[in-house]
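Peer 1: This is the structure I want to talk about, given as structure tokens.
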Number of protein chains: 2
Amino acid sequence: VSLASLGERGLLSRIFKEFSGQRHPTLVLGPGDDAAVSRLAPGKVLVSTHDDQVEGTHFLRKGLDFKRLGQRLWRVNLSDLAAMGAVEPIGAIVTAGFPANVPSRWALDFLKGIAEDARRFKTPVLGGNLAKSKNLFFGMTLLGQAKKKNLVLRSGAKAGDLIAGIGPLGQAPALPEPQLKAGQILGESGLATSLIDNSDGLSASCAWLARESGVAFELGSVPKGAERGEDYGLIFTVSPRNWSRLKTLLPGMYLLGYMKRGRAEDSGFDHFKP
Amino acid sequence: VSLASLGERGLLSRIFKEFSGQRHPTLVLGPGDDAAVSRLAPGKVLVSTHDDQVEGTHFLRKGLDFKRLGQRLWRVNLSDLAAMGAVEPIGAIVTAGFPANVPSRWALDFLKGIAEDARRFKTPVLGGNLAKSKNLFFGMTLLGQAKKKNLVLRSGAKAGDLIAGIGPLGQAPALPEPQLKAGQILGESGLATSLIDNSDGLSASCAWLARESGVAFELGSVPKGAERGEDYGLIFTVSPRNWSRLKTLLPGMYLLGYMKRGRAEDSGFDHFKP
């Protein structure tokens with residue numbers, strides 16, 4: 001059965017049914033109106049991020065597992081929240097572009113992936129958009145809340161700080177595991193001076209932290225393939241005097257290099273360059 | 001000069017430069033980190049919506065005015081906030097998909113449109129995403145804040161309520177003017193029982209309100225072309241006893257029909273059906 005014969009209305013009614021029973025302390029109004037409504041906990045700030053998955057760039061249509069793609073969308077966005085520190089997700093806005101003449105199964109499998117991870121990560125789907133599109137594309141804006149003091153930006157590294165990582169490095173797992181727990185520890189401990197998720201490769205991540213912090217960086221010997229590989233570990237900096245205290249809280253962390261005086265060189269991947 | 005030679009880094013540095021000096025009472029951290037940070041006014045709820053503009057569905061590449069497209073993205077999303085009542089926009093998350101081999105001018109013009117309307121509507125750009133994509137696509141998640149009691153949902157209409165409109169009807173202007181002021185009046189007055197923006201045509205809008213409110217609707221004679229035409233006026237309901245009071249506050253409003261007991265029939269446009 002094609003998406004055209006299920007129709008936008010048919011698909012929307014499946015979507016509304018899927019997400020009508022959601023409960024979350026922050027959820028006031030979910031999908032179905034002109035906009036969604038959430039209530040943040042008193043004193044918390046709103047944290048927002050967005051990522052897309054586009055046919056031909058992030059995946060190919062042939063043999064695609066649409067359920068997994070829906071889950072992947074959650075995970076790349078959750079990884080960005082984790083990279084801000086101790087952030088609690090409060091809702092996702094999901095957008096999908098499909099041609100009309102594709103099997104409706106594709107959209108329903110994508111929906112299944114979105115719904116399954118919404119439950120897994122205990123985060124409501126607030127709304128989104130369906131568009132007819134020649135090329136497949138999927139996007140998610142993920143919203144979270146945090147105490148401002150528990151956020152860790154890219155810009156706080158000092159010369160002399162050690163560069164550390166947590167989570168897989170130099171792998172591109174089909175279904176990355178966002179480092180939410182590590183982000184929480186890094187944010188709540190107050191011991192990390194800068195933090196980023198490693199989505200463009202290790203050199204690019206370190207260059208970001210260094211540039212934003214006004215320092216340069218030096219990497220030690222790093223796992224093979226980590227230089228360019230996309231993954232969803234976290235890269236962060238910590239003062240040498242706080243290393244062992246942080247290591248107690250985050251036993252899986254490992255040393256990658258250090259920050260030094262100077263000017264960071266840009267060595268990262270560019271999506272628009274051949 | 002092609003987008004590939006400007007590069008993602010080149011484009012990003014233009015974007016960061018454009019949006020680095022933004023000021024807004026709610027803005028804590030704008031573009032450039034893993035996520036953006038906003039602070040809502042005490043006691044206000046978060047209102048979020050998303051809309052896309054996709055090549056082949058919403059526009060054709062040939063002769064496209066990219067600046068205007070960037071502005072259009074603001075306006076269709078602002079219209080959704082207006083359709084929730086008295087909502088104050090607090091930030092936009094913008095996403096764009098471009099092929100690498102197109103003129104960089106396209107992306108820079110789009111950026112100009114986004115930046116110009118960000119100033120016009122006094123709303124910061126919080127962040128977003130750039131993706132390489134065969135087909136052009138553009139999306140915006142728009143975030144706003146409101147007092148919960150000043151929101152007007154789709155679901156509050158009662159049998160006997162009058163159906164009214166404000167703003168253009170049955171036109172599809174290239175650059176719609178979102179009815180933010182009308183939304184504010186409708187929300188703050190407490191006189192509208194339901195509210196929607198007329199983005200799928202008048203029958204579809206009334207059917208939404210009726211369905212969500214558990215009533216049926218009857219339209220009077222309406223302007224030619226209003227039945228299917230996409231526009232960004234607001235459609236709302238009001239008890240007959242409050243009509244003249246609301247009309248004093250909103251002199252441009254006009255009568256379209258009324259709500260009655262019964263079950264709404266679905267007569268709207270379906271994006272996936274031929």
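Convention: chains lettered A, B, ... in structure tokens order; per-chain residue numbering from 1; ligands numbered from 1 as shown.
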Enumerate as a ChimeraX atom specification the residues belonging to chain A that approach chain B to within 8 Å, with only C-alpha atoms taken into account.

Peer 2: /A:3-5,7-9,33-40,42,44-52,54-57,80-81,83-84,93,95,99-100,126-129,131-135,141,153-154,196-197,270-274

Peer 1: Can I have chain A aligned to chain B? Use a least-squares fit on all Cα atoms paired in order and write it out as a PDB file with C-alpha atoms, in the first residue's frame.

Peer 2:
ATOM      1  CA  VAL A   1      31.197  31.041  -6.828  1.00  0.00           C
ATOM      2  CA  SER A   2      29.742  27.665  -5.815  1.00  0.00           C
ATOM      3  CA  LEU A   3      28.616  26.647  -2.351  1.00  0.00           C
ATOM      4  CA  ALA A   4      31.328  23.954  -2.431  1.00  0.00           C
ATOM      5  CA  SER A   5      34.054  26.567  -2.782  1.00  0.00           C
ATOM      6  CA  LEU A   6      32.560  28.811  -0.062  1.00  0.00           C
ATOM      7  CA  GLY A   7      32.339  25.618   1.985  1.00  0.00           C
ATOM      8  CA  GLU A   8      30.365  24.741   5.089  1.00  0.00           C
ATOM      9  CA  ARG A   9      32.957  26.516   7.245  1.00  0.00           C
ATOM     10  CA  GLY A  10      32.745  29.642   5.126  1.00  0.00           C
ATOM     11  CA  LEU A  11      28.981  29.651   5.264  1.00  0.00           C
ATOM     12  CA  LEU A  12      28.957  28.909   9.001  1.00  0.00           C
ATOM     13  CA  SER A  13      31.289  31.813   9.676  1.00  0.00           C
ATOM     14  CA  ARG A  14      28.922  34.113   7.746  1.00  0.00           C
ATOM     15  CA  ILE A  15      26.028  32.730   9.782  1.00  0.00           C
ATOM     16  CA  PHE A  16      27.811  33.155  13.127  1.00  0.00           C
ATOM     17  CA  LYS A  17      28.836  36.680  12.179  1.00  0.00           C
ATOM     18  CA  GLU A  18      25.255  37.526  11.210  1.00  0.00           C
ATOM     19  CA  PHE A  19      23.757  36.253  14.452  1.00  0.00           C
ATOM     20  CA  SER A  20      26.519  36.886  16.999  1.00  0.00           C
ATOM     21  CA  GLY A  21      25.305  40.316  18.087  1.00  0.00           C
ATOM     22  CA  GLN A  22      21.698  39.346  18.748  1.00  0.00           C
ATOM     23  CA  ARG A  23      19.982  40.587  21.884  1.00  0.00           C
ATOM     24  CA  HIS A  24      16.720  39.420  23.377  1.00  0.00           C
ATOM     25  CA  PRO A  25      15.491  39.225  26.982  1.00  0.00           C
ATOM     26  CA  THR A  26      15.199  35.426  26.647  1.00  0.00           C
ATOM     27  CA  LEU A  27      18.484  34.750  24.810  1.00  0.00           C
ATOM     28  CA  VAL A  28      21.253  33.158  26.883  1.00  0.00           C
ATOM     29  CA  LEU A  29      23.368  31.436  24.206  1.00  0.00           C
ATOM     30  CA  GLY A  30      22.878  31.682  20.442  1.00  0.00           C
ATOM     31  CA  PRO A  31      24.410  29.748  17.528  1.00  0.00           C
ATOM     32  CA  GLY A  32      27.847  28.102  17.754  1.00  0.00           C
ATOM     33  CA  ASP A  33      27.679  25.524  20.533  1.00  0.00           C
ATOM     34  CA  ASP A  34      26.100  22.051  20.584  1.00  0.00           C
ATOM     35  CA  ALA A  35      22.750  23.629  21.478  1.00  0.00           C
ATOM     36  CA  ALA A  36      21.238  27.037  22.192  1.00  0.00           C
ATOM     37  CA  VAL A  37      20.057  28.287  25.581  1.00  0.00           C
ATOM     38  CA  SER A  38      17.019  30.488  26.318  1.00  0.00           C
ATOM     39  CA  ARG A  39      15.420  31.696  29.517  1.00  0.00           C
ATOM     40  CA  LEU A  40      11.631  31.978  29.593  1.00  0.00           C
ATOM     41  CA  ALA A  41       9.950  34.689  31.640  1.00  0.00           C
ATOM     42  CA  PRO A  42       8.764  33.361  35.022  1.00  0.00           C
ATOM     43  CA  GLY A  43       5.385  31.652  34.874  1.00  0.00           C
ATOM     44  CA  LYS A  44       5.273  31.427  31.096  1.00  0.00           C
ATOM     45  CA  VAL A  45       4.946  28.188  29.143  1.00  0.00           C
ATOM     46  CA  LEU A  46       6.948  27.186  26.070  1.00  0.00           C
ATOM     47  CA  VAL A  47       5.108  27.086  22.732  1.00  0.00           C
ATOM     48  CA  SER A  48       6.797  25.247  19.842  1.00  0.00           C
ATOM     49  CA  THR A  49       5.974  24.680  16.187  1.00  0.00           C
ATOM     50  CA  HIS A  50       7.710  23.590  12.977  1.00  0.00           C
ATOM     51  CA  ASP A  51       7.182  24.059   9.259  1.00  0.00           C
ATOM     52  CA  ASP A  52       9.137  23.169   6.141  1.00  0.00           C
ATOM     53  CA  GLN A  53       9.472  24.493   2.603  1.00  0.00           C
ATOM     54  CA  VAL A  54      10.490  21.760   0.156  1.00  0.00           C
ATOM     55  CA  GLU A  55      11.598  21.957  -3.484  1.00  0.00           C
ATOM     56  CA  GLY A  56       9.009  20.577  -5.890  1.00  0.00           C
ATOM     57  CA  THR A  57       6.246  20.771  -3.273  1.00  0.00           C
ATOM     58  CA  HIS A  58       6.305  24.349  -1.979  1.00  0.00           C
ATOM     59  CA  PHE A  59       8.515  25.974  -4.608  1.00  0.00           C
ATOM     60  CA  LEU A  60      10.486  25.350  -7.799  1.00  0.00           C
ATOM     61  CA  ARG A  61      14.187  26.062  -8.072  1.00  0.00           C
ATOM     62  CA  LYS A  62      13.903  28.047 -11.295  1.00  0.00           C
ATOM     63  CA  GLY A  63      13.751  31.789 -10.689  1.00  0.00           C
ATOM     64  CA  LEU A  64      13.440  31.253  -6.939  1.00  0.00           C
ATOM     65  CA  ASP A  65      13.903  34.275  -4.682  1.00  0.00           C
ATOM     66  CA  PHE A  66      15.874  32.718  -1.825  1.00  0.00           C
ATOM     67  CA  LYS A  67      15.682  35.793   0.352  1.00  0.00           C
ATOM     68  CA  ARG A  68      11.918  35.757   0.142  1.00  0.00           C
ATOM     69  CA  LEU A  69      11.893  32.022   0.867  1.00  0.00           C
ATOM     70  CA  GLY A  70      13.807  32.670   4.097  1.00  0.00           C
ATOM     71  CA  GLN A  71      11.228  35.285   5.025  1.00  0.00           C
ATOM     72  CA  ARG A  72       8.373  32.970   4.094  1.00  0.00           C
ATOM     73  CA  LEU A  73       9.727  30.367   6.506  1.00  0.00           C
ATOM     74  CA  TRP A  74       9.463  32.916   9.334  1.00  0.00           C
ATOM     75  CA  ARG A  75       5.959  33.883   8.373  1.00  0.00           C
ATOM     76  CA  VAL A  76       4.385  30.449   8.062  1.00  0.00           C
ATOM     77  CA  ASN A  77       5.805  29.578  11.484  1.00  0.00           C
ATOM     78  CA  LEU A  78       4.856  32.902  13.095  1.00  0.00           C
ATOM     79  CA  SER A  79       1.349  32.299  11.770  1.00  0.00           C
ATOM     80  CA  ASP A  80       1.251  29.034  13.759  1.00  0.00           C
ATOM     81  CA  LEU A  81       2.234  30.878  16.939  1.00  0.00           C
ATOM     82  CA  ALA A  82      -0.438  33.515  16.264  1.00  0.00           C
ATOM     83  CA  ALA A  83      -2.908  30.642  15.908  1.00  0.00           C
ATOM     84  CA  MET A  84      -2.206  29.672  19.541  1.00  0.00           C
ATOM     85  CA  GLY A  85      -3.254  33.098  20.872  1.00  0.00           C
ATOM     86  CA  ALA A  86      -1.068  35.635  22.684  1.00  0.00           C
ATOM     87  CA  VAL A  87       2.358  34.078  22.091  1.00  0.00           C
ATOM     88  CA  GLU A  88       5.605  36.035  22.033  1.00  0.00           C
ATOM     89  CA  PRO A  89       8.287  34.435  19.798  1.00  0.00           C
ATOM     90  CA  ILE A  90      11.579  33.779  21.603  1.00  0.00           C
ATOM     91  CA  GLY A  91      13.738  32.080  18.972  1.00  0.00           C
ATOM     92  CA  ALA A  92      14.004  30.162  15.715  1.00  0.00           C
ATOM     93  CA  ILE A  93      15.988  27.078  14.790  1.00  0.00           C
ATOM     94  CA  VAL A  94      16.631  27.081  11.052  1.00  0.00           C
ATOM     95  CA  THR A  95      17.657  24.163   8.860  1.00  0.00           C
ATOM     96  CA  ALA A  96      18.657  24.221   5.199  1.00  0.00           C
ATOM     97  CA  GLY A  97      19.565  21.526   2.691  1.00  0.00           C
ATOM     98  CA  PHE A  98      21.561  22.548  -0.403  1.00  0.00           C
ATOM     99  CA  PRO A  99      23.426  20.650  -3.120  1.00  0.00           C
ATOM    100  CA  ALA A 100      27.162  21.451  -3.100  1.00  0.00           C
ATOM    101  CA  ASN A 101      27.267  22.566  -6.740  1.00  0.00           C
ATOM    102  CA  VAL A 102      24.814  25.473  -6.548  1.00  0.00           C
ATOM    103  CA  PRO A 103      25.767  29.170  -6.442  1.00  0.00           C
ATOM    104  CA  SER A 104      26.754  30.251  -2.936  1.00  0.00           C
ATOM    105  CA  ARG A 105      24.538  33.283  -3.596  1.00  0.00           C
ATOM    106  CA  TRP A 106      21.502  31.047  -3.012  1.00  0.00           C
ATOM    107  CA  ALA A 107      22.570  30.271   0.538  1.00  0.00           C
ATOM    108  CA  LEU A 108      23.632  33.857   1.209  1.00  0.00           C
ATOM    109  CA  ASP A 109      20.318  35.242  -0.060  1.00  0.00           C
ATOM    110  CA  PHE A 110      18.418  32.743   2.098  1.00  0.00           C
ATOM    111  CA  LEU A 111      20.532  33.866   5.058  1.00  0.00           C
ATOM    112  CA  LYS A 112      19.680  37.485   4.233  1.00  0.00           C
ATOM    113  CA  GLY A 113      15.953  36.703   4.321  1.00  0.00           C
ATOM    114  CA  ILE A 114      16.275  34.872   7.636  1.00  0.00           C
ATOM    115  CA  ALA A 115      18.340  37.699   9.143  1.00  0.00           C
ATOM    116  CA  GLU A 116      16.076  40.475   7.873  1.00  0.00           C
ATOM    117  CA  ASP A 117      12.910  38.939   9.308  1.00  0.00           C
ATOM    118  CA  ALA A 118      14.697  38.042  12.554  1.00  0.00           C
ATOM    119  CA  ARG A 119      15.171  41.792  12.958  1.00  0.00           C
ATOM    120  CA  ARG A 120      11.675  42.654  11.713  1.00  0.00           C
ATOM    121  CA  PHE A 121      10.007  40.254  14.146  1.00  0.00           C
ATOM    122  CA  LYS A 122      12.574  40.955  16.910  1.00  0.00           C
ATOM    123  CA  THR A 123      13.249  37.254  17.370  1.00  0.00           C
ATOM    124  CA  PRO A 124      16.721  35.715  17.656  1.00  0.00           C
ATOM    125  CA  VAL A 125      17.992  32.816  15.558  1.00  0.00           C
ATOM    126  CA  LEU A 126      19.091  30.221  18.118  1.00  0.00           C
ATOM    127  CA  GLY A 127      20.801  27.737  15.817  1.00  0.00           C
ATOM    128  CA  GLY A 128      20.001  25.127  13.233  1.00  0.00           C
ATOM    129  CA  ASN A 129      21.622  22.776  10.813  1.00  0.00           C
ATOM    130  CA  LEU A 130      23.173  22.792   7.342  1.00  0.00           C
ATOM    131  CA  ALA A 131      22.930  19.611   5.292  1.00  0.00           C
ATOM    132  CA  LYS A 132      24.112  18.598   1.854  1.00  0.00           C
ATOM    133  CA  SER A 133      21.021  17.532  -0.069  1.00  0.00           C
ATOM    134  CA  LYS A 134      20.181  16.808  -3.720  1.00  0.00           C
ATOM    135  CA  ASN A 135      16.840  18.562  -3.288  1.00  0.00           C
ATOM    136  CA  LEU A 136      16.539  21.956  -1.667  1.00  0.00           C
ATOM    137  CA  PHE A 137      14.675  21.969   1.639  1.00  0.00           C
ATOM    138  CA  PHE A 138      14.288  24.524   4.395  1.00  0.00           C
ATOM    139  CA  GLY A 139      12.785  24.143   7.840  1.00  0.00           C
ATOM    140  CA  MET A 140      12.185  26.223  10.925  1.00  0.00           C
ATOM    141  CA  THR A 141      11.247  25.313  14.464  1.00  0.00           C
ATOM    142  CA  LEU A 142       9.851  28.416  16.103  1.00  0.00           C
ATOM    143  CA  LEU A 143       9.720  28.729  19.887  1.00  0.00           C
ATOM    144  CA  GLY A 144       7.562  31.152  21.827  1.00  0.00           C
ATOM    145  CA  GLN A 145       6.423  31.889  25.345  1.00  0.00           C
ATOM    146  CA  ALA A 146       2.954  32.655  26.652  1.00  0.00           C
ATOM    147  CA  LYS A 147       0.815  32.786  29.732  1.00  0.00           C
ATOM    148  CA  LYS A 148      -1.092  29.522  29.637  1.00  0.00           C
ATOM    149  CA  LYS A 149      -4.406  31.319  30.171  1.00  0.00           C
ATOM    150  CA  ASN A 150      -3.777  33.396  27.023  1.00  0.00           C
ATOM    151  CA  LEU A 151      -3.610  30.357  24.729  1.00  0.00           C
ATOM    152  CA  VAL A 152      -6.562  29.463  22.504  1.00  0.00           C
ATOM    153  CA  LEU A 153      -6.675  25.843  21.332  1.00  0.00           C
ATOM    154  CA  ARG A 154      -8.559  24.226  18.459  1.00  0.00           C
ATOM    155  CA  SER A 155     -10.793  22.299  20.802  1.00  0.00           C
ATOM    156  CA  GLY A 156     -12.920  24.852  22.662  1.00  0.00           C
ATOM    157  CA  ALA A 157     -15.711  25.654  20.186  1.00  0.00           C
ATOM    158  CA  LYS A 158     -19.343  25.109  21.310  1.00  0.00           C
ATOM    159  CA  ALA A 159     -22.451  24.512  19.191  1.00  0.00           C
ATOM    160  CA  GLY A 160     -23.908  27.951  18.544  1.00  0.00           C
ATOM    161  CA  ASP A 161     -20.555  29.743  18.443  1.00  0.00           C
ATOM    162  CA  LEU A 162     -19.990  31.968  15.430  1.00  0.00           C
ATOM    163  CA  ILE A 163     -17.073  31.262  13.082  1.00  0.00           C
ATOM    164  CA  ALA A 164     -15.045  34.363  12.255  1.00  0.00           C
ATOM    165  CA  GLY A 165     -11.933  35.228  10.279  1.00  0.00           C
ATOM    166  CA  ILE A 166      -9.302  37.933  10.358  1.00  0.00           C
ATOM    167  CA  GLY A 167      -6.723  38.684   7.674  1.00  0.00           C
ATOM    168  CA  PRO A 168      -6.665  37.717   3.999  1.00  0.00           C
ATOM    169  CA  LEU A 169      -8.822  34.810   2.895  1.00  0.00           C
ATOM    170  CA  GLY A 170      -8.310  32.584  -0.115  1.00  0.00           C
ATOM    171  CA  GLN A 171      -5.133  34.268  -1.222  1.00  0.00           C
ATOM    172  CA  ALA A 172      -1.675  32.771  -1.295  1.00  0.00           C
ATOM    173  CA  PRO A 173       0.542  35.834  -0.975  1.00  0.00           C
ATOM    174  CA  ALA A 174       4.222  35.268  -1.690  1.00  0.00           C
ATOM    175  CA  LEU A 175       5.036  36.882   1.628  1.00  0.00           C
ATOM    176  CA  PRO A 176       2.209  36.355   4.114  1.00  0.00           C
ATOM    177  CA  GLU A 177       1.835  38.727   7.049  1.00  0.00           C
ATOM    178  CA  PRO A 178       1.421  36.664  10.226  1.00  0.00           C
ATOM    179  CA  GLN A 179      -1.535  37.814  12.332  1.00  0.00           C
ATOM    180  CA  LEU A 180       0.462  38.182  15.544  1.00  0.00           C
ATOM    181  CA  LYS A 181      -1.438  41.236  16.761  1.00  0.00           C
ATOM    182  CA  ALA A 182      -4.801  39.541  16.172  1.00  0.00           C
ATOM    183  CA  GLY A 183      -3.542  36.414  17.964  1.00  0.00           C
ATOM    184  CA  GLN A 184      -2.547  38.578  20.893  1.00  0.00           C
ATOM    185  CA  ILE A 185      -5.980  40.219  21.078  1.00  0.00           C
ATOM    186  CA  LEU A 186      -7.792  36.882  20.725  1.00  0.00           C
ATOM    187  CA  GLY A 187      -5.609  35.349  23.449  1.00  0.00           C
ATOM    188  CA  GLU A 188      -5.639  38.214  25.920  1.00  0.00           C
ATOM    189  CA  SER A 189      -9.343  39.026  25.590  1.00  0.00           C
ATOM    190  CA  GLY A 190     -10.339  35.471  26.510  1.00  0.00           C
ATOM    191  CA  LEU A 191     -13.270  35.804  24.089  1.00  0.00           C
ATOM    192  CA  ALA A 192     -12.291  33.299  21.369  1.00  0.00           C
ATOM    193  CA  THR A 193     -13.319  29.709  22.100  1.00  0.00           C
ATOM    194  CA  SER A 194     -11.152  28.095  19.403  1.00  0.00           C
ATOM    195  CA  LEU A 195      -8.494  29.282  16.957  1.00  0.00           C
ATOM    196  CA  ILE A 196      -6.511  27.969  13.966  1.00  0.00           C
ATOM    197  CA  ASP A 197      -4.541  29.450  11.106  1.00  0.00           C
ATOM    198  CA  ASN A 198      -6.049  28.974   7.690  1.00  0.00           C
ATOM    199  CA  SER A 199      -3.140  27.207   6.015  1.00  0.00           C
ATOM    200  CA  ASP A 200      -5.042  24.367   4.278  1.00  0.00           C
ATOM    201  CA  GLY A 201      -8.131  26.255   3.120  1.00  0.00           C
ATOM    202  CA  LEU A 202     -11.274  27.400   4.899  1.00  0.00           C
ATOM    203  CA  SER A 203     -13.272  24.130   4.916  1.00  0.00           C
ATOM    204  CA  ALA A 204     -10.286  22.202   6.244  1.00  0.00           C
ATOM    205  CA  SER A 205      -9.686  24.800   8.953  1.00  0.00           C
ATOM    206  CA  CYS A 206     -13.317  24.774  10.075  1.00  0.00           C
ATOM    207  CA  ALA A 207     -13.341  20.957   9.959  1.00  0.00           C
ATOM    208  CA  TRP A 208     -10.288  20.898  12.258  1.00  0.00           C
ATOM    209  CA  LEU A 209     -11.925  23.219  14.791  1.00  0.00           C
ATOM    210  CA  ALA A 210     -15.216  21.314  14.631  1.00  0.00           C
ATOM    211  CA  ARG A 211     -13.606  17.860  14.911  1.00  0.00           C
ATOM    212  CA  GLU A 212     -11.375  18.842  17.805  1.00  0.00           C
ATOM    213  CA  SER A 213     -14.317  20.505  19.547  1.00  0.00           C
ATOM    214  CA  GLY A 214     -16.803  17.677  18.941  1.00  0.00           C
ATOM    215  CA  VAL A 215     -19.247  19.758  16.892  1.00  0.00           C
ATOM    216  CA  ALA A 216     -20.160  20.313  13.225  1.00  0.00           C
ATOM    217  CA  PHE A 217     -19.955  23.513  11.208  1.00  0.00           C
ATOM    218  CA  GLU A 218     -21.914  25.470   8.639  1.00  0.00           C
ATOM    219  CA  LEU A 219     -20.332  28.063   6.397  1.00  0.00           C
ATOM    220  CA  GLY A 220     -22.184  31.056   4.950  1.00  0.00           C
ATOM    221  CA  SER A 221     -21.284  32.475   1.583  1.00  0.00           C
ATOM    222  CA  VAL A 222     -17.535  32.940   1.546  1.00  0.00           C
ATOM    223  CA  PRO A 223     -15.188  34.870  -0.720  1.00  0.00           C
ATOM    224  CA  LYS A 224     -14.486  33.133  -4.050  1.00  0.00           C
ATOM    225  CA  GLY A 225     -11.386  30.907  -3.902  1.00  0.00           C
ATOM    226  CA  ALA A 226     -11.372  30.735  -0.123  1.00  0.00           C
ATOM    227  CA  GLU A 227     -12.455  27.104  -0.099  1.00  0.00           C
ATOM    228  CA  ARG A 228      -9.118  25.622  -1.088  1.00  0.00           C
ATOM    229  CA  GLY A 229      -6.695  28.533  -1.157  1.00  0.00           C
ATOM    230  CA  GLU A 230      -3.816  28.541   1.279  1.00  0.00           C
ATOM    231  CA  ASP A 231      -3.467  31.725   3.261  1.00  0.00           C
ATOM    232  CA  TYR A 232      -2.376  32.872   6.659  1.00  0.00           C
ATOM    233  CA  GLY A 233      -5.431  34.516   8.092  1.00  0.00           C
ATOM    234  CA  LEU A 234      -6.827  33.238  11.392  1.00  0.00           C
ATOM    235  CA  ILE A 235     -10.108  31.370  11.769  1.00  0.00           C
ATOM    236  CA  PHE A 236     -11.716  31.407  15.220  1.00  0.00           C
ATOM    237  CA  THR A 237     -14.981  30.952  17.076  1.00  0.00           C
ATOM    238  CA  VAL A 238     -16.744  33.254  19.483  1.00  0.00           C
ATOM    239  CA  SER A 239     -19.998  33.020  21.386  1.00  0.00           C
ATOM    240  CA  PRO A 240     -22.728  35.265  19.819  1.00  0.00           C
ATOM    241  CA  ARG A 241     -23.015  37.185  23.121  1.00  0.00           C
ATOM    242  CA  ASN A 242     -19.314  38.146  22.899  1.00  0.00           C
ATOM    243  CA  TRP A 243     -19.268  39.020  19.198  1.00  0.00           C
ATOM    244  CA  SER A 244     -19.661  42.791  19.504  1.00  0.00           C
ATOM    245  CA  ARG A 245     -17.231  43.057  22.393  1.00  0.00           C
ATOM    246  CA  LEU A 246     -14.586  41.193  20.362  1.00  0.00           C
ATOM    247  CA  LYS A 247     -15.416  43.211  17.233  1.00  0.00           C
ATOM    248  CA  THR A 248     -14.567  46.392  19.164  1.00  0.00           C
ATOM    249  CA  LEU A 249     -11.126  44.985  19.930  1.00  0.00           C
ATOM    250  CA  LEU A 250     -10.648  43.477  16.464  1.00  0.00           C
ATOM    251  CA  PRO A 251     -12.532  45.668  13.975  1.00  0.00           C
ATOM    252  CA  GLY A 252     -11.227  43.731  10.939  1.00  0.00           C
ATOM    253  CA  MET A 253     -12.921  40.457  11.872  1.00  0.00           C
ATOM    254  CA  TYR A 254     -15.671  39.102   9.613  1.00  0.00           C
ATOM    255  CA  LEU A 255     -18.371  36.448   9.907  1.00  0.00           C
ATOM    256  CA  LEU A 256     -17.937  33.124   8.086  1.00  0.00           C
ATOM    257  CA  GLY A 257     -20.432  30.701   9.611  1.00  0.00           C
ATOM    258  CA  TYR A 258     -21.366  28.969  12.831  1.00  0.00           C
ATOM    259  CA  MET A 259     -20.852  25.786  14.842  1.00  0.00           C
ATOM    260  CA  LYS A 260     -23.727  23.352  15.319  1.00  0.00           C
ATOM    261  CA  ARG A 261     -24.405  20.029  16.995  1.00  0.00           C
ATOM    262  CA  GLY A 262     -23.167  17.037  15.022  1.00  0.00           C
ATOM    263  CA  ARG A 263     -20.080  15.451  13.626  1.00  0.00           C
ATOM    264  CA  ALA A 264     -17.613  17.345  11.426  1.00  0.00           C
ATOM    265  CA  GLU A 265     -16.920  16.017   7.961  1.00  0.00           C
ATOM    266  CA  ASP A 266     -13.391  16.017   6.690  1.00  0.00           C
ATOM    267  CA  SER A 267     -13.148  17.944   3.464  1.00  0.00           C
ATOM    268  CA  GLY A 268      -9.554  19.099   3.446  1.00  0.00           C
ATOM    269  CA  PHE A 269      -6.570  18.880   1.232  1.00  0.00           C
ATOM    270  CA  ASP A 270      -4.225  15.875   1.570  1.00  0.00           C
ATOM    271  CA  HIS A 271      -0.565  16.497   0.711  1.00  0.00           C
ATOM    272  CA  PHE A 272       0.091  12.853  -0.189  1.00  0.00           C
ATOM    273  CA  LYS A 273      -2.994  12.349  -2.378  1.00  0.00           C
ATOM    274  CA  PRO A 274      -2.908  13.142  -6.095  1.00  0.00           C
TER     275      PRO A 274
END

Peer 1: So which residues of range 46-235 of chain A fall under strand (DSSP E) by DSSP, listed as a PyMOL selection string?

Peer 2: chain A and resi 46-54+88-98+125-132+137-146+162-166+192-197+216-219+234-235

Peer 1: Give the alpha helix (DSSP H) residues of range 39-260 of chain A, as assigned by DSSP on the backbone, as JSON, numbers by chain.

Peer 2: {"A": [66, 67, 68, 69, 70, 71, 72, 73, 74, 75, 76, 77, 78, 79, 80, 81, 82, 104, 105, 106, 107, 108, 109, 110, 111, 112, 113, 114, 115, 116, 117, 118, 119, 120, 180, 181, 182, 183, 184, 185, 186, 187, 188, 189, 202, 203, 204, 205, 206, 207, 208, 209, 210, 211, 212, 213, 243, 244, 245, 246, 247, 248, 249]}
